[in-house]
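Take a look at the structure below.
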Amino acid sequence: GHKMSKIPGLLTTIGLKEDGRTTYFQEGTVHSAATSFEWLHQLGLMPNVKKIDQAFKLSKQRLMVLPAMGGLGAPYWDSDTRAAWQGLSADTSSDDIVRATAEGLCFLISDIVNMIRASSVKFSSIRLAGGLSQANQMMKFQADVLARPLVRYREIEATAIGAAFLAASSVGMPKASSMLSVPIDTTFAPRLKPHVVRRLLARWAQFVKFQLDFSRAMMRS
């Protein structure tokens, strides 16, 4: 919107200035999202990105993974915390690890969205773009933990289209608005019952707190 808002743990960014008015963004970043999967690929646990959807279908146990390969971004901003896996056993499979990594990224996104929900900033929809948005099972879980429908654009690089629109409109191109008519590909509706989501988020919060505290203790020792 046109009014600057500050949400704890998020970044306030100037999106654009047009006709003398400034539009502000609230930004929350998750570090090393794609890098987490590249690391799993290097370990031989994930041959390609299609493994994400396959892992959700074949995984038989739920692990907890904190994908903090480059520390934690919003809303924690902790560069010292390291990645952690919890719940490994002799029965753990590569599918369990890939799925848990994907779910960990979804939990981190939910932490950001919940900070927005707790503020005075309102939003009407959640839309998806980018490479990882093509992982259907991961996006279904993202809709579950956010308890909101998610809309995915047919164009993967929708952010680039938005930037092109701003550039075109700033020089007065008459058909600039046509760039924003990006077709919708899929809508992901939440499936899990509310009490299941609350239990998952509570377990996640405990896991993250423990790892934050443990990492700080390790830095002091």
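By convention in this document, the chains of the structure tokens carry letters A, B, ... by their order, each chain's residues are numbered from 1, and ligands are numbered from 1 in the order they are shown.
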Determine, using only C-alpha atoms, which residues of stretch 23-54 of chain A have any atom at most 9 Å from an atom of stretch 68-91 of chain A, and tabulate each with its shortest atom pair and distance in Å to one decimal place, rows ordered by chain and then rising number, as CSV.
residue,atom,partner,partner_atom,distance
A:Glu27,CA,A:Ala74,CA,8.5
A:Gly28,CA,A:Ala74,CA,5.2
A:Thr29,CA,A:Ala74,CA,5.4
A:Val30,CA,A:Gly73,CA,5.2
A:His31,CA,A:Gly73,CA,5.6
A:Ser32,CA,A:Gly70,CA,5.9
A:Ala33,CA,A:Met69,CA,8.6
A:Thr35,CA,A:Met69,CA,7.6
A:Ser36,CA,A:Met69,CA,6.6
A:Trp39,CA,A:Met69,CA,9.0
Item to check | Residues near A:Ala147, cut-off 10 Å, only C-alpha atoms, skip fewer than 5 positions along chain, as a list in words | outcome: Ser110, Phe141, Gln142, Ala189, Pro190, Arg191, Leu192, Lys193, Pro194 and Val197 of chain A
Item to check | For A:Gly1: contacts at 8 Å, only C-alpha atoms, fewer than 2 positions along chain excluded, given as a PyMOL selection string | outcome: chain A and resi 3-4+23-25
Using only C-alpha atoms, please write the residues we just selected to a file, as an mmCIF file, in the first residue's frame.
data_model
loop_
_atom_site.group_PDB
_atom_site.id
_atom_site.type_symbol
_atom_site.label_atom_id
_atom_site.label_comp_id
_atom_site.auth_asym_id
_atom_site.auth_seq_id
_atom_site.Cartn_x
_atom_site.Cartn_y
_atom_site.Cartn_z
ATOM 1 C CA LYS A 3 1.387 3.850 3.838
ATOM 2 C CA MET A 4 4.646 2.615 5.337
ATOM 3 C CA THR A 23 4.057 1.984 -2.868
ATOM 4 C CA TYR A 24 5.676 -0.011 -0.088
ATOM 5 C CA PHE A 25 6.308 -3.741 0.147
#
Next on the checklist: For the helix (DSSP H, G or I) assignment from backbone DSSP, which residues of stretch 81-140 of chain A qualify? Please present them as a PyMOL selection string.
Outcome noted: chain A and resi 94-117+131-134+136-140
Just write the chosen residues, N, CA and C atoms, as a short mmCIF file (atom, residue, chain, number, x, y, z; two decimals), in the first residue's frame.
data_model
loop_
_atom_site.label_atom_id
_atom_site.label_comp_id
_atom_site.auth_asym_id
_atom_site.auth_seq_id
_atom_site.Cartn_x
_atom_site.Cartn_y
_atom_site.Cartn_z
N SER A 94 15.53 -41.67 1.96
CA SER A 94 15.84 -40.41 1.27
C SER A 94 14.56 -39.63 0.98
N ASP A 95 13.46 -40.34 0.73
CA ASP A 95 12.19 -39.65 0.49
C ASP A 95 11.74 -38.89 1.73
N ASP A 96 11.95 -39.47 2.91
CA ASP A 96 11.60 -38.79 4.16
C ASP A 96 12.39 -37.50 4.32
N ILE A 97 13.68 -37.54 3.97
CA ILE A 97 14.55 -36.37 4.14
C ILE A 97 14.19 -35.28 3.14
N VAL A 98 13.94 -35.65 1.89
CA VAL A 98 13.56 -34.66 0.87
C VAL A 98 12.23 -34.02 1.23
N ARG A 99 11.26 -34.84 1.61
CA ARG A 99 9.96 -34.30 2.00
C ARG A 99 10.08 -33.36 3.18
N ALA A 100 10.85 -33.76 4.21
CA ALA A 100 10.98 -32.94 5.42
C ALA A 100 11.68 -31.62 5.11
N THR A 101 12.62 -31.62 4.17
CA THR A 101 13.28 -30.38 3.78
C THR A 101 12.29 -29.44 3.11
N ALA A 102 11.46 -29.99 2.22
CA ALA A 102 10.43 -29.19 1.57
C ALA A 102 9.44 -28.64 2.59
N GLU A 103 9.03 -29.49 3.54
CA GLU A 103 8.09 -29.03 4.57
C GLU A 103 8.72 -27.97 5.46
N GLY A 104 10.03 -28.10 5.75
CA GLY A 104 10.71 -27.09 6.55
C GLY A 104 10.67 -25.73 5.90
N LEU A 105 10.85 -25.69 4.58
CA LEU A 105 10.76 -24.42 3.86
C LEU A 105 9.34 -23.86 3.92
N CYS A 106 8.35 -24.74 3.84
CA CYS A 106 6.95 -24.30 3.95
C CYS A 106 6.66 -23.74 5.34
N PHE A 107 7.23 -24.38 6.37
CA PHE A 107 7.05 -23.86 7.74
C PHE A 107 7.68 -22.47 7.88
N LEU A 108 8.85 -22.28 7.28
CA LEU A 108 9.50 -20.96 7.36
C LEU A 108 8.65 -19.89 6.68
N ILE A 109 8.03 -20.24 5.55
CA ILE A 109 7.12 -19.30 4.90
C ILE A 109 5.92 -19.00 5.81
N SER A 110 5.42 -20.03 6.49
CA SER A 110 4.28 -19.81 7.38
C SER A 110 4.66 -18.89 8.54
N ASP A 111 5.91 -18.97 9.01
CA ASP A 111 6.37 -18.05 10.07
C ASP A 111 6.28 -16.61 9.60
N ILE A 112 6.66 -16.38 8.34
CA ILE A 112 6.61 -15.02 7.77
C ILE A 112 5.16 -14.55 7.64
N VAL A 113 4.32 -15.40 7.06
CA VAL A 113 2.92 -15.03 6.84
C VAL A 113 2.21 -14.78 8.17
N ASN A 114 2.53 -15.57 9.18
CA ASN A 114 1.88 -15.38 10.48
C ASN A 114 2.29 -14.07 11.14
N MET A 115 3.49 -13.58 10.85
CA MET A 115 3.88 -12.26 11.34
C MET A 115 3.02 -11.18 10.69
N ILE A 116 2.71 -11.37 9.40
CA ILE A 116 1.84 -10.41 8.71
C ILE A 116 0.44 -10.47 9.30
N ARG A 117 -0.05 -11.68 9.54
CA ARG A 117 -1.39 -11.85 10.09
C ARG A 117 -1.53 -11.18 11.45
N GLY A 131 10.68 -21.22 -9.35
CA GLY A 131 10.95 -22.62 -9.67
C GLY A 131 10.31 -23.61 -8.71
N LEU A 132 10.44 -23.38 -7.40
CA LEU A 132 9.92 -24.35 -6.44
C LEU A 132 8.39 -24.39 -6.42
N SER A 133 7.74 -23.36 -6.96
CA SER A 133 6.28 -23.38 -7.00
C SER A 133 5.76 -24.48 -7.94
N GLN A 134 6.65 -25.06 -8.74
CA GLN A 134 6.24 -26.12 -9.65
C GLN A 134 6.15 -27.48 -8.95
N ASN A 136 4.21 -29.60 -6.99
CA ASN A 136 2.79 -29.60 -6.62
C ASN A 136 2.53 -30.06 -5.20
N GLN A 137 3.17 -31.15 -4.79
CA GLN A 137 2.92 -31.68 -3.45
C GLN A 137 3.42 -30.73 -2.37
N MET A 138 4.53 -30.07 -2.65
CA MET A 138 5.06 -29.09 -1.71
C MET A 138 4.10 -27.91 -1.58
N MET A 139 3.52 -27.47 -2.70
CA MET A 139 2.58 -26.36 -2.67
C MET A 139 1.27 -26.75 -1.96
N LYS A 140 0.89 -28.02 -2.09
CA LYS A 140 -0.30 -28.48 -1.35
C LYS A 140 -0.05 -28.40 0.15
#
Checklist entry - Can you tell me how far atom CA of A:Ile184 sits from atom CA of A:Arg154, in Å to one decimal? => result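 Interatomic distance here is 5.4 Å.
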Item to check | For A:Lys51, the nearest of the candidates A:Leu201, A:Ala135, A:Val145, A:Ser5, counting only C-alpha atoms | outcome: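 Answer, going by the shortest atom-to-atom distance: A:Ala135.
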Checklist entry - So, counting only C-alpha atoms, which residue among A:Ala160, A:Leu212, A:Ala34, A:Ile14 is closest to A:Asn48? => result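 Using only C-alpha atoms, A:Asn48 sits closest to A:Ala34.
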Item to check | Expected answer as a ChimeraX atom specification: strand (DSSP E) residues in stretch 121-153 of chain A | outcome: /A:126-128,150-153
Checklist entry - Counting only C-alpha atoms, what is within 10 Å of A:Ile161, bar same-chain residues fewer than 4 positions away, as a list of chain:residue names? => result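 Result of the neighbour search: A:Glu155, A:Ile156, A:Glu157, A:Phe165, A:Leu166, A:Ala167, A:Met179, A:Leu180, A:Ser181, A:Val182.
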Those residues you just picked out, can you put them in a file as a PDB file, in the first residue's frame with all heavy atoms?
ATOM      1  N   GLU A 155       2.910 -18.683 -15.772  1.00  0.00           N
ATOM      2  CA  GLU A 155       4.265 -18.215 -16.045  1.00  0.00           C
ATOM      3  C   GLU A 155       5.105 -18.328 -14.774  1.00  0.00           C
ATOM      4  O   GLU A 155       4.786 -17.710 -13.763  1.00  0.00           O
ATOM      5  CB  GLU A 155       4.239 -16.760 -16.525  1.00  0.00           C
ATOM      6  CG  GLU A 155       5.593 -16.097 -16.633  1.00  0.00           C
ATOM      7  CD  GLU A 155       6.552 -16.856 -17.540  1.00  0.00           C
ATOM      8  OE1 GLU A 155       6.201 -17.086 -18.703  1.00  0.00           O
ATOM      9  OE2 GLU A 155       7.634 -17.220 -17.046  1.00  0.00           O
ATOM     10  N   ILE A 156       6.168 -19.133 -14.830  1.00  0.00           N
ATOM     11  CA  ILE A 156       6.996 -19.366 -13.646  1.00  0.00           C
ATOM     12  C   ILE A 156       7.631 -18.068 -13.162  1.00  0.00           C
ATOM     13  O   ILE A 156       7.650 -17.774 -11.972  1.00  0.00           O
ATOM     14  CB  ILE A 156       8.081 -20.414 -13.940  1.00  0.00           C
ATOM     15  CG1 ILE A 156       7.434 -21.764 -14.279  1.00  0.00           C
ATOM     16  CG2 ILE A 156       9.009 -20.577 -12.740  1.00  0.00           C
ATOM     17  CD1 ILE A 156       8.439 -22.819 -14.664  1.00  0.00           C
ATOM     18  N   GLU A 157       8.170 -17.276 -14.104  1.00  0.00           N
ATOM     19  CA  GLU A 157       8.885 -16.052 -13.718  1.00  0.00           C
ATOM     20  C   GLU A 157       7.942 -14.854 -13.731  1.00  0.00           C
ATOM     21  O   GLU A 157       8.170 -13.858 -14.412  1.00  0.00           O
ATOM     22  CB  GLU A 157      10.074 -15.828 -14.654  1.00  0.00           C
ATOM     23  CG  GLU A 157      11.089 -16.957 -14.640  1.00  0.00           C
ATOM     24  CD  GLU A 157      11.685 -17.212 -13.262  1.00  0.00           C
ATOM     25  OE1 GLU A 157      11.658 -16.293 -12.419  1.00  0.00           O
ATOM     26  OE2 GLU A 157      12.166 -18.331 -13.026  1.00  0.00           O
ATOM     27  N   PHE A 165       6.576  -4.823 -16.527  1.00  0.00           N
ATOM     28  CA  PHE A 165       5.413  -3.932 -16.543  1.00  0.00           C
ATOM     29  C   PHE A 165       5.762  -2.565 -15.965  1.00  0.00           C
ATOM     30  O   PHE A 165       5.391  -1.527 -16.523  1.00  0.00           O
ATOM     31  CB  PHE A 165       4.270  -4.548 -15.746  1.00  0.00           C
ATOM     32  CG  PHE A 165       3.228  -3.552 -15.307  1.00  0.00           C
ATOM     33  CD1 PHE A 165       2.332  -3.019 -16.219  1.00  0.00           C
ATOM     34  CD2 PHE A 165       3.154  -3.128 -13.989  1.00  0.00           C
ATOM     35  CE1 PHE A 165       1.385  -2.082 -15.819  1.00  0.00           C
ATOM     36  CE2 PHE A 165       2.216  -2.200 -13.579  1.00  0.00           C
ATOM     37  CZ  PHE A 165       1.323  -1.676 -14.506  1.00  0.00           C
ATOM     38  N   LEU A 166       6.477  -2.550 -14.830  1.00  0.00           N
ATOM     39  CA  LEU A 166       6.843  -1.281 -14.217  1.00  0.00           C
ATOM     40  C   LEU A 166       7.739  -0.466 -15.136  1.00  0.00           C
ATOM     41  O   LEU A 166       7.588   0.758 -15.254  1.00  0.00           O
ATOM     42  CB  LEU A 166       7.547  -1.534 -12.877  1.00  0.00           C
ATOM     43  CG  LEU A 166       6.685  -2.146 -11.771  1.00  0.00           C
ATOM     44  CD1 LEU A 166       7.541  -2.424 -10.538  1.00  0.00           C
ATOM     45  CD2 LEU A 166       5.525  -1.232 -11.423  1.00  0.00           C
ATOM     46  N   ALA A 167       8.687  -1.147 -15.798  1.00  0.00           N
ATOM     47  CA  ALA A 167       9.583  -0.447 -16.717  1.00  0.00           C
ATOM     48  C   ALA A 167       8.802   0.114 -17.901  1.00  0.00           C
ATOM     49  O   ALA A 167       9.018   1.260 -18.318  1.00  0.00           O
ATOM     50  CB  ALA A 167      10.680  -1.393 -17.195  1.00  0.00           C
ATOM     51  N   MET A 179       0.683  -6.804 -19.825  1.00  0.00           N
ATOM     52  CA  MET A 179       1.674  -7.700 -19.257  1.00  0.00           C
ATOM     53  C   MET A 179       1.182  -8.345 -17.967  1.00  0.00           C
ATOM     54  O   MET A 179       1.658  -9.411 -17.576  1.00  0.00           O
ATOM     55  CB  MET A 179       2.980  -6.940 -18.967  1.00  0.00           C
ATOM     56  CG  MET A 179       3.691  -6.410 -20.182  1.00  0.00           C
ATOM     57  SD  MET A 179       5.214  -5.564 -19.727  1.00  0.00           S
ATOM     58  CE  MET A 179       5.804  -5.030 -21.341  1.00  0.00           C
ATOM     59  N   LEU A 180       0.235  -7.703 -17.309  1.00  0.00           N
ATOM     60  CA  LEU A 180      -0.220  -8.201 -16.008  1.00  0.00           C
ATOM     61  C   LEU A 180      -1.302  -9.269 -16.129  1.00  0.00           C
ATOM     62  O   LEU A 180      -1.710  -9.844 -15.126  1.00  0.00           O
ATOM     63  CB  LEU A 180      -0.741  -7.042 -15.159  1.00  0.00           C
ATOM     64  CG  LEU A 180       0.305  -5.995 -14.751  1.00  0.00           C
ATOM     65  CD1 LEU A 180      -0.327  -4.949 -13.843  1.00  0.00           C
ATOM     66  CD2 LEU A 180       1.491  -6.647 -14.061  1.00  0.00           C
ATOM     67  N   SER A 181      -1.762  -9.517 -17.340  1.00  0.00           N
ATOM     68  CA  SER A 181      -2.807 -10.529 -17.522  1.00  0.00           C
ATOM     69  C   SER A 181      -2.169 -11.911 -17.650  1.00  0.00           C
ATOM     70  O   SER A 181      -2.244 -12.571 -18.674  1.00  0.00           O
ATOM     71  CB  SER A 181      -3.640 -10.219 -18.765  1.00  0.00           C
ATOM     72  OG  SER A 181      -2.802 -10.163 -19.915  1.00  0.00           O
ATOM     73  N   VAL A 182      -1.510 -12.342 -16.565  1.00  0.00           N
ATOM     74  CA  VAL A 182      -0.836 -13.633 -16.546  1.00  0.00           C
ATOM     75  C   VAL A 182      -1.863 -14.706 -16.187  1.00  0.00           C
ATOM     76  O   VAL A 182      -2.504 -14.631 -15.135  1.00  0.00           O
ATOM     77  CB  VAL A 182       0.319 -13.642 -15.524  1.00  0.00           C
ATOM     78  CG1 VAL A 182       1.057 -14.977 -15.548  1.00  0.00           C
ATOM     79  CG2 VAL A 182       1.288 -12.498 -15.822  1.00  0.00           C
TER      80      VAL A 182
END
